[in-house]
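First up is the structure itself, then whatever we jot down about it.
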There are 2 protein chains.
Amino acid sequence: MEAVKTTAERATKLKTNQVKAYGTVAAETPLDQMDIQRRNATPHDVEVDILYCGVCHSDLHTARNEWHGTTYPVVPGHEIVGKVVSVGDHVTKFKVGDTAAVGCMVDSCRECQYCKEDLEQFCEQGCIQTYNSPDKHLGIRTYGGYSERVVVDEAFVLRVPENLDLAATAPLLCAGITTYSPLKHWNVGPGQKVGIVGLGGLGHMGVKIAKAMGAEVIVFTTSQSKVEDAKRLGADDVVLSKDEEQMKRYAGKLHFILDAVSAQHDINAYLNQLRVDGSLALVGAPEEPLPVAAFSVIMGRKSFAGSMIGGIAETQEMLEFCGKHNIVSDIEMINIDQINDAYTRLLKGDVKYRFVIDMASLKK
Amino acid sequence: MEAVKTTAERATKLKTNQVKAYGTVAAETPLDQMDIQRRNATPHDVEVDILYCGVCHSDLHTARNEWHGTTYPVVPGHEIVGKVVSVGDHVTKFKVGDTAAVGCMVDSCRECQYCKEDLEQFCEQGCIQTYNSPDKHLGIRTYGGYSERVVVDEAFVLRVPENLDLAATAPLLCAGITTYSPLKHWNVGPGQKVGIVGLGGLGHMGVKIAKAMGAEVIVFTTSQSKVEDAKRLGADDVVLSKDEEQMKRYAGKLHFILDAVSAQHDINAYLNQLRVDGSLALVGAPEEPLPVAAFSVIMGRKSFAGSMIGGIAETQEMLEFCGKHNIVSDIEMINIDQINDAYTRLLKGDVKYRFVIDMASLKK
């Protein structure tokens with residue numbers, strides 16, 4: 001028998017299983033049930049029966065092709081928690097019955113400088129995202145967590161601390177790591193004043209994590225209605241960003257700002273809150289460029305920076321940190337057939353603070 | 001005799017000397033000769049006979065009130081090199097006959113957190129700039145280096161390495177420290193690719209200093225005519241920034257970029273040149289805000305930062321670094337009565353790379 005050489009050849013050799021999923025075949029159509037193929041676990045793979053999948057704004061962007069890179073059909077979902085149902089022969093980290101999680105990536109080149117530095121999110125070849133990326137094994141596209149099961153190389157599967165509620169853990173896989181990674185990278189800790197801008201899916205995780213890291217946390221929000229909730233989540237103070245007087249309270253006093261706003265907003269007003277050598281890291285992604293005044297960064301040697309998810313090792317570290325500090329997301333559980341309504345509400349910011357799909361509703 | 005209490009009272013107690021200077025009484029009028037008062041050296045002061053003064057674009061901005069904060073009359077000049085002609089009783093660092101230099105600051109509060117960290121440029125009270133700042137001693141404004149002599153507290157006077165040409169050393173006091181400080185702060189060194197954007201007074205110092213720090217230096221310029229000169233100054237490569245093909249050459253490859261452009265320019269095109277975790281530090285100050293795309297900083301965890309001169313200790317360190325590596329500015333010497341023409345040429349970028357005034361021409 002000849003050696004198997006090409007992706008297409010490999011694909012024909014791999015046994016697949018049909019599983020139920022929820023996705024869409026076009027930008028304009030709502031999500032609906034569909035069948036997809038999952039490969040059988042190869043020697044390094046873990047097969048996870050999905051219990052819960054969080055709903056990230058990226059799911060909606062991709063389903064509707066708002067980032068112009070969607071290949072259809074697409075099955076969204078990259079905040080996945082479930083149980084291991086089978087493992088390949090060479091798998092060492094997981095056994096059948098373990099709780100496991102999958103986040104935004106399912107593979108990367110593993111050879112470039114960034115992969116070697118545990119920064120797979122910045123893989124030079126482009127990391128393989130959990131959905132809408134090229135699937136090396138089957139020669140199709142990767143399909144996400146709005147499905148019954150997923151098969152992932154164990155190197156990209158995470159362990160879940162036993163003390164955490166599984167449904168509320170799902171959003172940690174994107175919202176959690178997206179906020180933990182910059183807070184860690186910019187050395188947030190005791191003795192520091194840290195601003196969190198925007199109190200949504202990302203922002204509310206930022207508050208919990210920054211607080212657990214020991215910082216004094218100040219939430220900036222446009223909504224009076226969120227003031228009490230911000231304090232309940234752990235904020236030491238809340239600033240209404242539309243109020244110029246309130247915006248003076250921390251001017252020049254913050255060590256770091258995590259900016260989780262995806263809408264257009266005045267970055268200079270926030271850079272002005274930073275101390276000398278302070279950094280603002282953007283994790284939201286406004287569509288239009290943000291005008292930054294030269295003096296906003298020159299005066300005080302400040303940085304306007306950005307951050308994107310985190311590497312696999314750091315994601316595991318984040319899960320353990322959350323386990324230690326009993327941190328999960330505030331969630332609203334939905335059934336899979338409510339996903340289109342959930343998207344509508346997501347656009348209105350009408351969720352506290354993350355929808356999570358109970359995947360049992362797909363399996364009925 | 002009662003204690004002297006107020007600034008005004010102090011001022012009347014201080015003996016002053018009339019010295020010749022070059023300045024202006026209004027935004028619209030050219031610079032011309034005028035007489036100003038300098039205090040006699042108080043116990044901590046050093047009196048410097050000015051030999052050379054560099055011409056910085058800030059001089060022009062201030063003379064013409066382009067930053068809207070000028071109090072007239074104004075005497076510009078903050079790249080000062082001269083000889084000590086008298087010292088106060090408590091002065092320990094300098095003696096008569098020493099070469100000495102004065103840069104952009106002549107004092108600060110010395111008590112705030114930033115002053116204590118040798119970051120006087122970010123003094124919470126606002127540092128006392130060499131010109132157009134409140135003069136604590138005389139209750140007037142500070143007057144800069146376009147003058148015969150200057151009297152400065154020894155804490156803000158710099159020593160000059162003996163091996164350097166004095167006229168060409170003058171621009172180090174602003175252009176030198178403004179480029180040295182960010183290159184040092186962002187840890188530029190061997191094994192790194194560093195971009196210098198814009199080859200003017202600041203940029204040409206950036207090339208020399210980054211090269212001496214051991215980096216591979218890539219100059220980005222809009223002018224074909226500057227390519228050869230960039231290489232003469234030490235650049236390892238030059239990229240014509242208007243050429244899209246050339247702009248691909250270092251995409252994702254630079255560790256750090258020093259951006260010395262004061263005109264509007266596409267910051268995203270330069271952020272795109274940075275590696276993961278790379279920073280771009282702006283030292284030019286374009287008038288209009290610079291639009292920064294969210295993905296320019298999110299992808300690769302990049303930073304758009306700024307920097308402004310440097311502290312006194314770091315300025316001394318820079319001078320010693322330049323002494324060790326034999327670095328001075330490329331200059332064009334002028335007489336004081338050519339200053340208005342020099343400003344006209346400065347606006348056209350017609351100088352390689354810094355005008356320096358031979359102050360002997362004022363003393364005739």
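Here's how to read the names in the structure tokens: chain A, B, ... by the order shown, residue numbers from 1 in each chain, ligand numbers from 1 in the order shown.
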Give me, as JSON lines, each residue of chain B that comes within 7 Å of chain A, together with its shortest interatomic pair and the distance in Å at one decimal, counting only C-alpha atoms, with rows ordered by chain and rising residue number.
{"residue": "B:Phe122", "atom": "CA", "partner": "A:Gly300", "partner_atom": "CA", "distance": 6.2}
{"residue": "B:Leu282", "atom": "CA", "partner": "A:Ile298", "partner_atom": "CA", "distance": 6.9}
{"residue": "B:Val283", "atom": "CA", "partner": "A:Ile298", "partner_atom": "CA", "distance": 6.8}
{"residue": "B:Ala285", "atom": "CA", "partner": "A:Ala294", "partner_atom": "CA", "distance": 5.4}
{"residue": "B:Pro286", "atom": "CA", "partner": "A:Ala294", "partner_atom": "CA", "distance": 6.3}
{"residue": "B:Glu288", "atom": "CA", "partner": "A:Ala293", "partner_atom": "CA", "distance": 6.7}
{"residue": "B:Pro289", "atom": "CA", "partner": "A:Ala293", "partner_atom": "CA", "distance": 4.0}
{"residue": "B:Leu290", "atom": "CA", "partner": "A:Val292", "partner_atom": "CA", "distance": 5.1}
{"residue": "B:Pro291", "atom": "CA", "partner": "A:Pro291", "partner_atom": "CA", "distance": 4.1}
{"residue": "B:Val292", "atom": "CA", "partner": "A:Pro289", "partner_atom": "CA", "distance": 4.9}
{"residue": "B:Ala293", "atom": "CA", "partner": "A:Pro289", "partner_atom": "CA", "distance": 4.0}
{"residue": "B:Ala294", "atom": "CA", "partner": "A:Ala285", "partner_atom": "CA", "distance": 5.4}
{"residue": "B:Phe295", "atom": "CA", "partner": "A:Ala285", "partner_atom": "CA", "distance": 7.0}
{"residue": "B:Val297", "atom": "CA", "partner": "A:Gly306", "partner_atom": "CA", "distance": 4.5}
{"residue": "B:Ile298", "atom": "CA", "partner": "A:Gly306", "partner_atom": "CA", "distance": 3.9}
{"residue": "B:Met299", "atom": "CA", "partner": "A:Met308", "partner_atom": "CA", "distance": 6.5}
{"residue": "B:Gly300", "atom": "CA", "partner": "A:Phe122", "partner_atom": "CA", "distance": 6.2}
{"residue": "B:Arg301", "atom": "CA", "partner": "A:Ser307", "partner_atom": "CA", "distance": 4.6}
{"residue": "B:Lys302", "atom": "CA", "partner": "A:Ala305", "partner_atom": "CA", "distance": 5.5}
{"residue": "B:Ser303", "atom": "CA", "partner": "A:Ala305", "partner_atom": "CA", "distance": 4.1}
{"residue": "B:Phe304", "atom": "CA", "partner": "A:Phe304", "partner_atom": "CA", "distance": 5.0}
{"residue": "B:Ala305", "atom": "CA", "partner": "A:Ser303", "partner_atom": "CA", "distance": 4.1}
{"residue": "B:Gly306", "atom": "CA", "partner": "A:Ile298", "partner_atom": "CA", "distance": 3.9}
{"residue": "B:Ser307", "atom": "CA", "partner": "A:Ile298", "partner_atom": "CA", "distance": 4.5}
{"residue": "B:Met308", "atom": "CA", "partner": "A:Ile298", "partner_atom": "CA", "distance": 5.6}
Output file for the selection above: C-alpha atoms, as an mmCIF file, in the first residue's frame:
data_model
loop_
_atom_site.group_PDB
_atom_site.id
_atom_site.type_symbol
_atom_site.label_atom_id
_atom_site.label_comp_id
_atom_site.auth_asym_id
_atom_site.auth_seq_id
_atom_site.Cartn_x
_atom_site.Cartn_y
_atom_site.Cartn_z
ATOM 1 C CA PHE B 122 6.390 64.167 33.205
ATOM 2 C CA LEU B 282 5.627 58.448 17.879
ATOM 3 C CA VAL B 283 7.974 61.349 18.569
ATOM 4 C CA ALA B 285 3.389 65.396 16.622
ATOM 5 C CA PRO B 286 0.972 65.557 13.686
ATOM 6 C CA GLU B 288 -4.715 65.986 13.416
ATOM 7 C CA PRO B 289 -5.470 62.699 15.217
ATOM 8 C CA LEU B 290 -4.127 59.581 13.493
ATOM 9 C CA PRO B 291 -6.772 56.972 12.616
ATOM 10 C CA VAL B 292 -5.719 53.589 14.035
ATOM 11 C CA ALA B 293 -7.593 50.477 12.885
ATOM 12 C CA ALA B 294 -8.518 48.133 15.735
ATOM 13 C CA PHE B 295 -7.064 45.141 13.891
ATOM 14 C CA VAL B 297 -3.130 46.597 17.196
ATOM 15 C CA ILE B 298 -5.270 43.539 18.056
ATOM 16 C CA MET B 299 -3.589 41.225 15.519
ATOM 17 C CA GLY B 300 -0.148 40.693 17.009
ATOM 18 C CA ARG B 301 -0.721 42.503 20.313
ATOM 19 C CA LYS B 302 0.954 45.638 19.000
ATOM 20 C CA SER B 303 1.278 49.057 20.608
ATOM 21 C CA PHE B 304 0.938 52.528 19.186
ATOM 22 C CA ALA B 305 2.868 54.582 21.731
ATOM 23 C CA GLY B 306 4.450 57.986 22.130
ATOM 24 C CA SER B 307 7.471 59.483 23.819
ATOM 25 C CA MET B 308 8.652 62.952 24.798
#
Contacts of segment 50-67 of chain A within 6 Å, only C-alpha atoms, excl. fewer than 6 positions in-chain, as a PyMOL selection string = chain A and resi 27+76+79-82+145+148-149+167+170-171+355-359
Can you write just those residues out, N, CA, C and O atoms, as a short mmCIF file (atom, residue, chain, number, x, y, z; two decimals), in the first residue's frame?
data_model
loop_
_atom_site.label_atom_id
_atom_site.label_comp_id
_atom_site.auth_asym_id
_atom_site.auth_seq_id
_atom_site.Cartn_x
_atom_site.Cartn_y
_atom_site.Cartn_z
N ALA A 27 -25.26 34.21 4.36
CA ALA A 27 -25.23 35.32 5.31
C ALA A 27 -26.63 35.78 5.70
O ALA A 27 -26.86 36.24 6.82
N PRO A 76 -21.03 28.00 13.82
CA PRO A 76 -20.27 28.79 14.78
C PRO A 76 -20.09 28.06 16.12
O PRO A 76 -20.54 26.93 16.30
N GLU A 79 -16.84 28.40 22.37
CA GLU A 79 -16.76 28.39 23.84
C GLU A 79 -17.39 27.07 24.28
O GLU A 79 -18.56 27.02 24.65
N ILE A 80 -16.59 26.01 24.17
CA ILE A 80 -17.12 24.64 24.22
C ILE A 80 -16.71 23.92 25.51
O ILE A 80 -15.51 23.89 25.85
N VAL A 81 -17.67 23.35 26.19
CA VAL A 81 -17.38 22.49 27.35
C VAL A 81 -18.15 21.18 27.18
O VAL A 81 -19.32 21.20 26.76
N GLY A 82 -17.48 20.07 27.45
CA GLY A 82 -18.17 18.79 27.30
C GLY A 82 -17.45 17.65 28.01
O GLY A 82 -16.59 17.88 28.85
N GLY A 145 -18.80 24.76 17.75
CA GLY A 145 -19.42 24.08 18.88
C GLY A 145 -20.92 24.02 18.92
O GLY A 145 -21.49 23.41 19.83
N GLU A 148 -23.23 18.45 18.15
CA GLU A 148 -23.26 17.41 19.19
C GLU A 148 -21.87 17.07 19.73
O GLU A 148 -21.68 16.89 20.92
N ARG A 149 -20.92 16.94 18.80
CA ARG A 149 -19.59 16.51 19.21
C ARG A 149 -18.53 17.26 18.40
O ARG A 149 -18.82 17.77 17.32
N ALA A 167 -21.69 24.98 32.64
CA ALA A 167 -22.32 25.89 31.67
C ALA A 167 -21.69 27.27 31.75
O ALA A 167 -21.38 27.89 30.72
N ALA A 170 -18.18 27.73 30.07
CA ALA A 170 -18.02 27.80 28.61
C ALA A 170 -17.50 29.16 28.13
O ALA A 170 -16.52 29.22 27.37
N PRO A 171 -18.09 30.29 28.58
CA PRO A 171 -17.61 31.59 28.07
C PRO A 171 -16.17 31.92 28.45
O PRO A 171 -15.57 32.82 27.86
N PHE A 355 -24.89 34.49 26.56
CA PHE A 355 -25.77 33.36 26.28
C PHE A 355 -24.93 32.09 26.22
O PHE A 355 -23.83 32.07 25.66
N VAL A 356 -25.48 31.02 26.80
CA VAL A 356 -24.84 29.71 26.67
C VAL A 356 -25.92 28.73 26.20
O VAL A 356 -27.04 28.70 26.75
N ILE A 357 -25.58 27.98 25.16
CA ILE A 357 -26.53 27.01 24.62
C ILE A 357 -26.41 25.69 25.39
O ILE A 357 -25.30 25.15 25.54
N ASP A 358 -27.54 25.21 25.88
CA ASP A 358 -27.59 23.87 26.48
C ASP A 358 -27.68 22.88 25.33
O ASP A 358 -28.72 22.74 24.68
N MET A 359 -26.58 22.21 25.03
CA MET A 359 -26.53 21.40 23.81
C MET A 359 -27.41 20.15 23.90
O MET A 359 -27.64 19.50 22.87
#
Among segment 256-335 of chain A, which residues carry a DSSP assignment of strand (DSSP E or B), reported as a PDB file with N, CA and C atoms, in the first residue's frame?
ATOM      1  N   PHE A 256      -3.631  50.802  33.905  1.00  0.00           N
ATOM      2  CA  PHE A 256      -3.956  49.990  32.723  1.00  0.00           C
ATOM      3  C   PHE A 256      -5.455  50.097  32.469  1.00  0.00           C
ATOM      4  N   ILE A 257      -5.798  50.058  31.197  1.00  0.00           N
ATOM      5  CA  ILE A 257      -7.214  50.040  30.823  1.00  0.00           C
ATOM      6  C   ILE A 257      -7.453  48.891  29.857  1.00  0.00           C
ATOM      7  N   LEU A 258      -8.468  48.099  30.146  1.00  0.00           N
ATOM      8  CA  LEU A 258      -8.936  47.073  29.219  1.00  0.00           C
ATOM      9  C   LEU A 258     -10.184  47.633  28.548  1.00  0.00           C
ATOM     10  N   ASP A 259     -10.100  47.820  27.252  1.00  0.00           N
ATOM     11  CA  ASP A 259     -11.183  48.470  26.509  1.00  0.00           C
ATOM     12  C   ASP A 259     -11.934  47.412  25.709  1.00  0.00           C
ATOM     13  N   LEU A 274      -4.972  57.453  31.798  1.00  0.00           N
ATOM     14  CA  LEU A 274      -3.779  56.670  32.146  1.00  0.00           C
ATOM     15  C   LEU A 274      -2.708  57.509  32.822  1.00  0.00           C
ATOM     16  N   ARG A 275      -1.977  56.858  33.730  1.00  0.00           N
ATOM     17  CA  ARG A 275      -0.766  57.423  34.306  1.00  0.00           C
ATOM     18  C   ARG A 275       0.359  57.413  33.258  1.00  0.00           C
ATOM     19  N   VAL A 276       1.472  58.026  33.619  1.00  0.00           N
ATOM     20  CA  VAL A 276       2.687  57.908  32.806  1.00  0.00           C
ATOM     21  C   VAL A 276       3.008  56.417  32.616  1.00  0.00           C
ATOM     22  N   ASP A 277       3.376  56.057  31.404  1.00  0.00           N
ATOM     23  CA  ASP A 277       3.725  54.675  31.048  1.00  0.00           C
ATOM     24  C   ASP A 277       2.547  53.711  31.090  1.00  0.00           C
ATOM     25  N   GLY A 278       1.335  54.236  31.178  1.00  0.00           N
ATOM     26  CA  GLY A 278       0.162  53.360  31.167  1.00  0.00           C
ATOM     27  C   GLY A 278      -0.172  52.870  29.763  1.00  0.00           C
ATOM     28  N   SER A 279      -0.867  51.729  29.718  1.00  0.00           N
ATOM     29  CA  SER A 279      -1.303  51.168  28.435  1.00  0.00           C
ATOM     30  C   SER A 279      -2.809  50.943  28.442  1.00  0.00           C
ATOM     31  N   LEU A 280      -3.413  51.163  27.293  1.00  0.00           N
ATOM     32  CA  LEU A 280      -4.802  50.787  27.060  1.00  0.00           C
ATOM     33  C   LEU A 280      -4.777  49.667  26.041  1.00  0.00           C
ATOM     34  N   ALA A 281      -5.403  48.531  26.376  1.00  0.00           N
ATOM     35  CA  ALA A 281      -5.458  47.418  25.422  1.00  0.00           C
ATOM     36  C   ALA A 281      -6.888  47.236  24.948  1.00  0.00           C
ATOM     37  N   LEU A 282      -7.031  47.319  23.640  1.00  0.00           N
ATOM     38  CA  LEU A 282      -8.332  47.166  23.008  1.00  0.00           C
ATOM     39  C   LEU A 282      -8.584  45.682  22.756  1.00  0.00           C
ATOM     40  N   LEU A 290      -9.948  54.269  14.894  1.00  0.00           N
ATOM     41  CA  LEU A 290     -10.125  55.165  16.041  1.00  0.00           C
ATOM     42  C   LEU A 290      -9.102  56.295  15.951  1.00  0.00           C
ATOM     43  N   PRO A 291      -9.556  57.541  15.913  1.00  0.00           N
ATOM     44  CA  PRO A 291      -8.593  58.651  15.822  1.00  0.00           C
ATOM     45  C   PRO A 291      -7.852  58.839  17.143  1.00  0.00           C
ATOM     46  N   VAL A 292      -6.531  58.756  17.094  1.00  0.00           N
ATOM     47  CA  VAL A 292      -5.701  58.918  18.297  1.00  0.00           C
ATOM     48  C   VAL A 292      -4.862  60.187  18.143  1.00  0.00           C
ATOM     49  N   SER A 303       0.598  53.995  25.773  1.00  0.00           N
ATOM     50  CA  SER A 303       0.444  53.060  24.662  1.00  0.00           C
ATOM     51  C   SER A 303      -1.020  52.755  24.398  1.00  0.00           C
ATOM     52  N   PHE A 304      -1.372  52.809  23.125  1.00  0.00           N
ATOM     53  CA  PHE A 304      -2.673  52.325  22.672  1.00  0.00           C
ATOM     54  C   PHE A 304      -2.398  50.972  22.021  1.00  0.00           C
ATOM     55  N   ALA A 305      -2.803  49.898  22.709  1.00  0.00           N
ATOM     56  CA  ALA A 305      -2.435  48.559  22.273  1.00  0.00           C
ATOM     57  C   ALA A 305      -3.682  47.714  22.011  1.00  0.00           C
ATOM     58  N   GLY A 306      -3.453  46.511  21.540  1.00  0.00           N
ATOM     59  CA  GLY A 306      -4.554  45.581  21.324  1.00  0.00           C
ATOM     60  C   GLY A 306      -4.161  44.192  21.778  1.00  0.00           C
ATOM     61  N   ILE A 331     -24.335  34.004  33.118  1.00  0.00           N
ATOM     62  CA  ILE A 331     -24.890  33.518  31.847  1.00  0.00           C
ATOM     63  C   ILE A 331     -26.414  33.476  31.838  1.00  0.00           C
ATOM     64  N   GLU A 332     -26.941  33.415  30.628  1.00  0.00           N
ATOM     65  CA  GLU A 332     -28.356  33.138  30.408  1.00  0.00           C
ATOM     66  C   GLU A 332     -28.408  31.901  29.503  1.00  0.00           C
ATOM     67  N   MET A 333     -28.989  30.838  29.997  1.00  0.00           N
ATOM     68  CA  MET A 333     -28.992  29.579  29.236  1.00  0.00           C
ATOM     69  C   MET A 333     -30.129  29.596  28.209  1.00  0.00           C
ATOM     70  N   ILE A 334     -29.824  29.118  27.017  1.00  0.00           N
ATOM     71  CA  ILE A 334     -30.856  29.014  25.970  1.00  0.00           C
ATOM     72  C   ILE A 334     -30.813  27.613  25.347  1.00  0.00           C
TER      73      ILE A 334
END
task = Extract, using only C-alpha atoms, all DNA, RNA and protein residues at most 8 Å from segment 96-109 of chain B, discarding same-chain residues fewer than 6 positions from it, and format them as an MDAnalysis selection string.
result = chainID B and resid 48 78:87 115 120:121 123:130 152:153 155:160 170 173:174 309
task = Would you kindly return, as a PyMOL selection string, each protein, DNA or RNA residue with an atom no farther than 10 Å from any atom of Pro30 of chain A, considering only C-alpha atoms and excluding same-chain residues fewer than 4 positions away?
result = chain A and resi 22-26+63-64+339-341+343
Could you save the residues just selected, with C-alpha atoms, as an mmCIF file, in the first residue's frame?
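Produced file out.cif, reproduced below:
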data_model
loop_
_atom_site.group_PDB
_atom_site.id
_atom_site.type_symbol
_atom_site.label_atom_id
_atom_site.label_comp_id
_atom_site.auth_asym_id
_atom_site.auth_seq_id
_atom_site.Cartn_x
_atom_site.Cartn_y
_atom_site.Cartn_z
ATOM 1 C CA TYR A 22 -26.721 24.254 13.908
ATOM 2 C CA GLY A 23 -25.425 26.550 11.236
ATOM 3 C CA THR A 24 -26.245 28.479 8.119
ATOM 4 C CA VAL A 25 -25.629 28.212 4.386
ATOM 5 C CA ALA A 26 -25.717 31.942 3.647
ATOM 6 C CA ALA A 63 -22.549 33.645 10.373
ATOM 7 C CA ARG A 64 -23.508 36.898 8.657
ATOM 8 C CA ILE A 339 -30.140 31.011 18.815
ATOM 9 C CA ASN A 340 -31.560 33.383 16.200
ATOM 10 C CA ASP A 341 -33.485 35.292 18.852
ATOM 11 C CA TYR A 343 -28.447 36.968 18.094
#
inquiry  = Can you pull out the residues contacting segment 245-251 of chain A? Cut-off 12 Å, using only C-alpha atoms, and skip same-chain residues under 6 positions away; I want them as number ranges by chain.
reply    = A: 193-195, 216-222, 237-239, 257, 268-276, 278
Residues from the last selection, C-alpha atoms, saved as a PDB file, in the first residue's frame:
ATOM      1  CA  LYS A 193      -5.898  51.086  39.461  1.00  0.00           C
ATOM      2  CA  VAL A 194      -7.324  49.338  36.404  1.00  0.00           C
ATOM      3  CA  GLY A 195     -10.089  50.624  34.161  1.00  0.00           C
ATOM      4  CA  GLU A 216      -8.577  48.296  42.206  1.00  0.00           C
ATOM      5  CA  VAL A 217     -11.142  48.110  39.414  1.00  0.00           C
ATOM      6  CA  ILE A 218     -12.926  51.090  37.909  1.00  0.00           C
ATOM      7  CA  VAL A 219     -15.667  50.403  35.361  1.00  0.00           C
ATOM      8  CA  PHE A 220     -16.448  52.963  32.666  1.00  0.00           C
ATOM      9  CA  THR A 221     -19.925  52.634  31.199  1.00  0.00           C
ATOM     10  CA  THR A 222     -22.361  54.751  29.239  1.00  0.00           C
ATOM     11  CA  ASP A 237     -15.977  52.362  41.449  1.00  0.00           C
ATOM     12  CA  VAL A 238     -18.008  53.128  38.353  1.00  0.00           C
ATOM     13  CA  VAL A 239     -17.612  56.151  36.085  1.00  0.00           C
ATOM     14  CA  ILE A 257      -7.214  50.040  30.823  1.00  0.00           C
ATOM     15  CA  ASN A 268      -8.350  59.918  23.676  1.00  0.00           C
ATOM     16  CA  ALA A 269     -10.724  60.358  26.616  1.00  0.00           C
ATOM     17  CA  TYR A 270      -9.523  56.995  27.940  1.00  0.00           C
ATOM     18  CA  LEU A 271      -5.823  57.505  27.164  1.00  0.00           C
ATOM     19  CA  ASN A 272      -6.224  60.631  29.278  1.00  0.00           C
ATOM     20  CA  GLN A 273      -7.149  58.427  32.265  1.00  0.00           C
ATOM     21  CA  LEU A 274      -3.779  56.670  32.146  1.00  0.00           C
ATOM     22  CA  ARG A 275      -0.766  57.423  34.306  1.00  0.00           C
ATOM     23  CA  VAL A 276       2.687  57.908  32.806  1.00  0.00           C
ATOM     24  CA  GLY A 278       0.162  53.360  31.167  1.00  0.00           C
TER      25      GLY A 278
END
task = Could you please write out, as a ChimeraX atom specification, every residue of segment 232-296 of chain A that DSSP assigns to alpha helix (DSSP H)?
result = /A:232-233,244-247,267-271,294-296
ask   = What's the 7 Å shell around Val150 of chain A, counting only C-alpha atoms, without same-chain residues fewer than 5 positions away, as a PyMOL selection string?
value = chain A and resi 38+47-49
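Relative to atom CA of Pro134 of chain B, atom CA of Asp337 of chain B is found at 27.2 Å.
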query = Skipping near chain neighbours, those fewer than 3 positions away, what residues fall within 12 Å of His204 of chain A using only C-alpha atoms, listed as an MDAnalysis selection string?
reply = chainID A and resid 171:172 175:176 178:180 195:201 207:211 217:221 226 229:235 258:261 327:331 351:354
ask   = Mind pulling up the distance from atom CA of Asp165 of chain B to atom CA of Ile177 of chain B?
value = 17.0 Å
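The space separating atom CA of His90 of chain A from atom CA of Val151 of chain A comes to 14.4 Å.
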